[in-house]
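Student: What follows is a single structure, and I will ask about it in a moment.
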Amino acid sequence: MAPSDDDSDPKPQLPRLSRRAFFQGAGASALTATLAQSVAEAATAAAPAVLGPEPSPLSLSVNGRTVSLQVDPATTLAEVLRNQLGMTGTKVGCDRGACSACTVWLDGEVAASCMTLAYDARGWKVTTIEGLARGDELHPVQRAFVENDALQCGFCTPGMVMSCAALVERNPKCTLEDVKQAVSGHLCRCGTYPNVFKATLAAAKGGGKPKGNS
């Protein structure tokens, strides 16, 4: 017996899709795909070159001259300065950025060289304690440290001088509180802080820069 019309299963009702909705959906899908492709291409373009594990070429600007080296990518700037360039004025105390003995300048700003990878110093002007003087003329802060007996064992002195010299050049009218802030990250086991304060203020009062320093 053939089923009657009443016994037949009703057909599912499909949603009605207008022409406008169809093209809007197609446009959104195309835009999403384009954006995804653009993001993927940007990520690929921005990906840094892979270095290591072998030593790779490195060019640095150190104390006004360009040096070319072969450096392991995991080497710190302090290690390169001391071990490969022989600039042992930069001291390594804690080797973890806590004592500031290794302080150098990167474009005139103080930085812990033991916590800076040598490759991260590319494109920056690195200045060490060896490059602070102008030939035989000491930087005013160096001279003031000597005149005010602002050192004892001398181990922390290069980093201390670099921080104080950066302060004086940046702010020749610095106050005692400014000096204390500048050396707050420096560890001096000899306890010469009072003379360091006195020397830095004396250097600031005297002008703060070597003659001819631009």
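In the structure tokens, chains take letters A, B, ... by order of appearance, with residues numbered from 1 within each chain and ligands from 1 in the order shown.
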List the neighbours of Leu151 (chain A) out to 12 Å using only C-alpha atoms; skip same-chain residues closer than 2 positions along the sequence, and give me the result as a JSON list (two decimals) with C-alpha atoms, in the first residue's frame.

Tutor:
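This went into result.json:
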```
[["chain", "number", "residue", "atom", "x", "y", "z"],
["A", 142, "GLN", "CA", 88.37, 60.25, 35.79],
["A", 143, "ARG", "CA", 90.53, 63.16, 36.91],
["A", 144, "ALA", "CA", 88.16, 64.01, 39.77],
["A", 145, "PHE", "CA", 88.21, 60.39, 40.97],
["A", 146, "VAL", "CA", 92.00, 60.61, 41.27],
["A", 147, "GLU", "CA", 91.99, 64.04, 42.93],
["A", 148, "ASN", "CA", 89.30, 63.05, 45.45],
["A", 149, "ASP", "CA", 90.67, 59.59, 46.24],
["A", 153, "CYS", "CA", 91.05, 48.41, 45.29],
["A", 154, "GLY", "CA", 89.89, 49.84, 41.96],
["A", 155, "PHE", "CA", 87.91, 46.83, 40.79],
["A", 156, "CYS", "CA", 84.56, 48.60, 40.70],
["A", 157, "THR", "CA", 86.07, 51.93, 39.62],
["A", 158, "PRO", "CA", 85.80, 51.61, 35.79],
["A", 159, "GLY", "CA", 82.09, 50.85, 35.90],
["A", 160, "MET", "CA", 81.53, 53.54, 38.54],
["A", 161, "VAL", "CA", 83.35, 56.10, 36.38],
["A", 188, "CYS", "CA", 81.79, 48.90, 46.07],
["A", 189, "ARG", "CA", 83.04, 46.57, 48.80],
["A", 190, "CYS", "CA", 85.66, 49.14, 49.85],
["A", 191, "GLY", "CA", 82.92, 51.65, 50.68],
["A", 192, "THR", "CA", 84.29, 54.65, 48.79],
["A", 193, "TYR", "CA", 80.83, 56.04, 48.00],
["A", 194, "PRO", "CA", 81.29, 59.41, 49.85],
["A", 195, "ASN", "CA", 84.39, 60.20, 47.79],
["A", 196, "VAL", "CA", 82.66, 59.04, 44.62],
["A", 197, "PHE", "CA", 79.87, 61.53, 45.32],
["A", 198, "LYS", "CA", 82.39, 64.29, 45.99],
["A", 199, "ALA", "CA", 84.40, 63.53, 42.83]]
```

Student: Rounded to one decimal, what separation in Å do you get between CA of Thr116 (chain A) and CA of Thr76 (chain A)?

Tutor: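 Taking CA of Thr116 (chain A) and CA of Thr76 (chain A), their separation equals 5.6 Å.
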
Student: From a DSSP pass on the backbone, collect the residues of region 61-207 of chain A flagged as helix (DSSP H, G or I) and hand them back as a PyMOL selection string.

Tutor: chain A and resi 77-84+113-115+118-121+129-131+140-147+157-170+176-182+193-205

Student: Quick one: everything within 12 Å of Pro140 (chain A), counting only C-alpha atoms, minus sequence neighbours fewer than 6 positions away in the same chain. Send it as a list of chain:residue names.

Tutor: A:Leu132, A:Ala133, A:Arg134, A:Val146, A:Glu147, A:Asn148, A:Val161, A:Met162, A:Cys164, A:Ala165, A:Ala166, A:Val168, A:Glu169, A:Pro172, A:Ala199, A:Thr200, A:Leu201, A:Ala202, A:Ala203, A:Ala204, A:Lys205, A:Gly206, A:Gly207, A:Gly208, A:Lys209, A:Pro210, A:Lys211, A:Asn213

Student: For the residues in the current selection, export N, CA and C atoms as a PDB file, in the first residue's frame.

Tutor:
```pdb
ATOM      1  N   LEU A 132      87.212  56.528  27.193  1.00  0.00           N
ATOM      2  CA  LEU A 132      86.597  57.702  27.813  1.00  0.00           C
ATOM      3  C   LEU A 132      87.497  58.931  27.730  1.00  0.00           C
ATOM      4  N   ALA A 133      88.790  58.741  27.863  1.00  0.00           N
ATOM      5  CA  ALA A 133      89.727  59.869  27.801  1.00  0.00           C
ATOM      6  C   ALA A 133      89.930  60.307  26.354  1.00  0.00           C
ATOM      7  N   ARG A 134      90.477  61.505  26.175  1.00  0.00           N
ATOM      8  CA  ARG A 134      90.842  62.019  24.856  1.00  0.00           C
ATOM      9  C   ARG A 134      92.359  61.996  24.766  1.00  0.00           C
ATOM     10  N   VAL A 146      90.630  60.657  40.770  1.00  0.00           N
ATOM     11  CA  VAL A 146      92.001  60.609  41.266  1.00  0.00           C
ATOM     12  C   VAL A 146      92.212  61.693  42.321  1.00  0.00           C
ATOM     13  N   GLU A 147      91.747  62.906  42.030  1.00  0.00           N
ATOM     14  CA  GLU A 147      91.987  64.040  42.932  1.00  0.00           C
ATOM     15  C   GLU A 147      91.232  63.899  44.251  1.00  0.00           C
ATOM     16  N   ASN A 148      90.108  63.183  44.242  1.00  0.00           N
ATOM     17  CA  ASN A 148      89.299  63.050  45.447  1.00  0.00           C
ATOM     18  C   ASN A 148      89.406  61.673  46.083  1.00  0.00           C
ATOM     19  N   VAL A 161      82.985  54.924  37.186  1.00  0.00           N
ATOM     20  CA  VAL A 161      83.349  56.104  36.385  1.00  0.00           C
ATOM     21  C   VAL A 161      82.433  56.230  35.175  1.00  0.00           C
ATOM     22  N   MET A 162      82.154  55.125  34.518  1.00  0.00           N
ATOM     23  CA  MET A 162      81.304  55.182  33.325  1.00  0.00           C
ATOM     24  C   MET A 162      79.908  55.699  33.663  1.00  0.00           C
ATOM     25  N   CYS A 164      79.053  57.570  36.331  1.00  0.00           N
ATOM     26  CA  CYS A 164      79.139  58.959  36.785  1.00  0.00           C
ATOM     27  C   CYS A 164      79.425  59.908  35.619  1.00  0.00           C
ATOM     28  N   ALA A 165      80.261  59.476  34.683  1.00  0.00           N
ATOM     29  CA  ALA A 165      80.561  60.310  33.514  1.00  0.00           C
ATOM     30  C   ALA A 165      79.325  60.485  32.641  1.00  0.00           C
ATOM     31  N   ALA A 166      78.533  59.424  32.508  1.00  0.00           N
ATOM     32  CA  ALA A 166      77.299  59.523  31.725  1.00  0.00           C
ATOM     33  C   ALA A 166      76.349  60.521  32.373  1.00  0.00           C
ATOM     34  N   VAL A 168      77.167  63.120  34.364  1.00  0.00           N
ATOM     35  CA  VAL A 168      77.711  64.473  34.261  1.00  0.00           C
ATOM     36  C   VAL A 168      77.539  65.032  32.843  1.00  0.00           C
ATOM     37  N   GLU A 169      77.744  64.188  31.836  1.00  0.00           N
ATOM     38  CA  GLU A 169      77.570  64.660  30.466  1.00  0.00           C
ATOM     39  C   GLU A 169      76.105  64.920  30.149  1.00  0.00           C
ATOM     40  N   PRO A 172      74.998  68.313  33.603  1.00  0.00           N
ATOM     41  CA  PRO A 172      76.122  68.973  34.276  1.00  0.00           C
ATOM     42  C   PRO A 172      75.727  69.652  35.583  1.00  0.00           C
ATOM     43  N   ALA A 199      83.674  63.432  44.097  1.00  0.00           N
ATOM     44  CA  ALA A 199      84.396  63.529  42.826  1.00  0.00           C
ATOM     45  C   ALA A 199      83.449  63.852  41.670  1.00  0.00           C
ATOM     46  N   THR A 200      82.305  63.205  41.648  1.00  0.00           N
ATOM     47  CA  THR A 200      81.365  63.422  40.550  1.00  0.00           C
ATOM     48  C   THR A 200      80.824  64.847  40.570  1.00  0.00           C
ATOM     49  N   LEU A 201      80.499  65.367  41.739  1.00  0.00           N
ATOM     50  CA  LEU A 201      80.005  66.746  41.834  1.00  0.00           C
ATOM     51  C   LEU A 201      81.095  67.742  41.455  1.00  0.00           C
ATOM     52  N   ALA A 202      82.339  67.425  41.800  1.00  0.00           N
ATOM     53  CA  ALA A 202      83.446  68.301  41.423  1.00  0.00           C
ATOM     54  C   ALA A 202      83.633  68.321  39.913  1.00  0.00           C
ATOM     55  N   ALA A 203      83.498  67.141  39.278  1.00  0.00           N
ATOM     56  CA  ALA A 203      83.626  67.068  37.825  1.00  0.00           C
ATOM     57  C   ALA A 203      82.502  67.846  37.138  1.00  0.00           C
ATOM     58  N   ALA A 204      81.308  67.738  37.688  1.00  0.00           N
ATOM     59  CA  ALA A 204      80.175  68.460  37.109  1.00  0.00           C
ATOM     60  C   ALA A 204      80.388  69.964  37.224  1.00  0.00           C
ATOM     61  N   LYS A 205      80.882  70.398  38.347  1.00  0.00           N
ATOM     62  CA  LYS A 205      81.130  71.824  38.570  1.00  0.00           C
ATOM     63  C   LYS A 205      82.178  72.345  37.612  1.00  0.00           C
ATOM     64  N   GLY A 206      83.126  71.470  37.237  1.00  0.00           N
ATOM     65  CA  GLY A 206      84.207  71.895  36.348  1.00  0.00           C
ATOM     66  C   GLY A 206      83.846  71.862  34.872  1.00  0.00           C
ATOM     67  N   GLY A 207      82.648  71.430  34.521  1.00  0.00           N
ATOM     68  CA  GLY A 207      82.238  71.438  33.109  1.00  0.00           C
ATOM     69  C   GLY A 207      81.796  70.095  32.602  1.00  0.00           C
ATOM     70  N   GLY A 208      82.411  69.016  33.103  1.00  0.00           N
ATOM     71  CA  GLY A 208      81.875  67.685  32.807  1.00  0.00           C
ATOM     72  C   GLY A 208      82.346  67.029  31.530  1.00  0.00           C
ATOM     73  N   LYS A 209      83.069  67.736  30.650  1.00  0.00           N
ATOM     74  CA  LYS A 209      83.524  67.118  29.396  1.00  0.00           C
ATOM     75  C   LYS A 209      84.981  67.498  29.124  1.00  0.00           C
ATOM     76  N   PRO A 210      85.745  66.590  28.499  1.00  0.00           N
ATOM     77  CA  PRO A 210      87.121  66.950  28.105  1.00  0.00           C
ATOM     78  C   PRO A 210      87.098  68.067  27.087  1.00  0.00           C
ATOM     79  N   LYS A 211      88.141  68.839  27.004  1.00  0.00           N
ATOM     80  CA  LYS A 211      88.216  69.898  26.006  1.00  0.00           C
ATOM     81  C   LYS A 211      88.137  69.306  24.613  1.00  0.00           C
ATOM     82  N   ASN A 213      85.574  67.891  23.351  1.00  0.00           N
ATOM     83  CA  ASN A 213      84.548  66.837  23.265  1.00  0.00           C
ATOM     84  C   ASN A 213      83.290  67.411  22.672  1.00  0.00           C
TER      85      ASN A 213
END
```

Student: Which is closest to Ser163 (chain A) among A:Leu187, A:Cys114, A:Val104, A:Ala150, if we use only C-alpha atoms?

Tutor: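 So, comparing all the options, the nearest one is A:Val104.
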
Student: Nearest residue to Leu81 (chain A) out of A:Thr66, A:Thr128, A:Gln37, A:Gln181, using only C-alpha atoms?

Tutor: A:Thr128

Student: Expressed in Å to a single decimal, how great is the separation between CA of Leu69 (chain A) and CA of Glu54 (chain A)?

Tutor: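 Calculated distance between CA of Leu69 (chain A) and CA of Glu54 (chain A) is 12.9 Å.
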
Student: Nearest to Ala98 (chain A): which of A:Gln84, A:Ile129, A:Glu137, A:Ser113 is it, counting only C-alpha atoms?

Tutor: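 Under the stated criterion, the closest residue is A:Ser113.
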
Student: Work out how far CA of Leu176 (chain A) is from CA of Gly93 (chain A), in Å to one decimal.

Tutor: 26.0 Å

Student: If you run DSSP on the backbone here, which positions in region 47-210 of chain A get strand (DSSP E or B)? Please write them as a list of chain:residue names.

Tutor: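 Going through region 47-210 of chain A, the strand (DSSP E or B) residues come out as A:Ser56, A:Pro57, A:Leu58, A:Ser59, A:Leu60, A:Ser61, A:Val62, A:Arg65, A:Thr66, A:Val67, A:Ser68, A:Leu69, A:Gln70, A:Val71, A:Thr76, A:Thr103, A:Val104, A:Trp105, A:Leu106, A:Glu109, A:Val110, A:Ala111, A:Ala112, A:Leu117, A:Lys125, A:Val126, A:Thr127, A:Arg134, A:Glu137.
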
Student: If we count only C-alpha atoms and set the cut-off at 7 Å, which residues sit around Asp72 (chain A), ignoring sequence neighbours fewer than 2 positions away in its own chain? Please answer as a PyMOL selection string.

Tutor: chain A and resi 52-56+74-75

Student: List the neighbours of Gly185 (chain A) out to 8 Å using only C-alpha atoms; skip same-chain residues closer than 3 positions along the sequence, and give me the result as number ranges by chain.

Tutor: A: 98-100, 182

Student: Once you have the residues from the selection above, write them out as a compact mmCIF listing (two decimals), in the first residue's frame, restricted to all heavy atoms.

Tutor:
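Wrote again.txt, looks like this:
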```txt
# COMPACT_ATOMS: atom_id res chain seq x y z
N ALA A 98 74.28 42.48 38.51
CA ALA A 98 73.90 42.97 39.84
C ALA A 98 74.91 43.91 40.47
O ALA A 98 74.56 44.65 41.39
CB ALA A 98 73.68 41.78 40.78
N CYS A 99 76.16 43.93 39.98
CA CYS A 99 77.18 44.75 40.64
C CYS A 99 77.62 45.95 39.82
O CYS A 99 78.23 46.88 40.34
CB CYS A 99 78.41 43.90 41.00
SG CYS A 99 79.42 43.45 39.56
N SER A 100 77.34 45.94 38.52
CA SER A 100 77.62 47.06 37.59
C SER A 100 79.10 47.31 37.34
O SER A 100 79.46 48.34 36.78
CB SER A 100 76.95 48.34 38.08
OG SER A 100 75.55 48.20 38.15
N ALA A 182 72.63 57.51 40.27
CA ALA A 182 73.45 57.00 39.17
C ALA A 182 74.29 55.80 39.59
O ALA A 182 74.55 54.90 38.78
CB ALA A 182 74.35 58.10 38.62
```
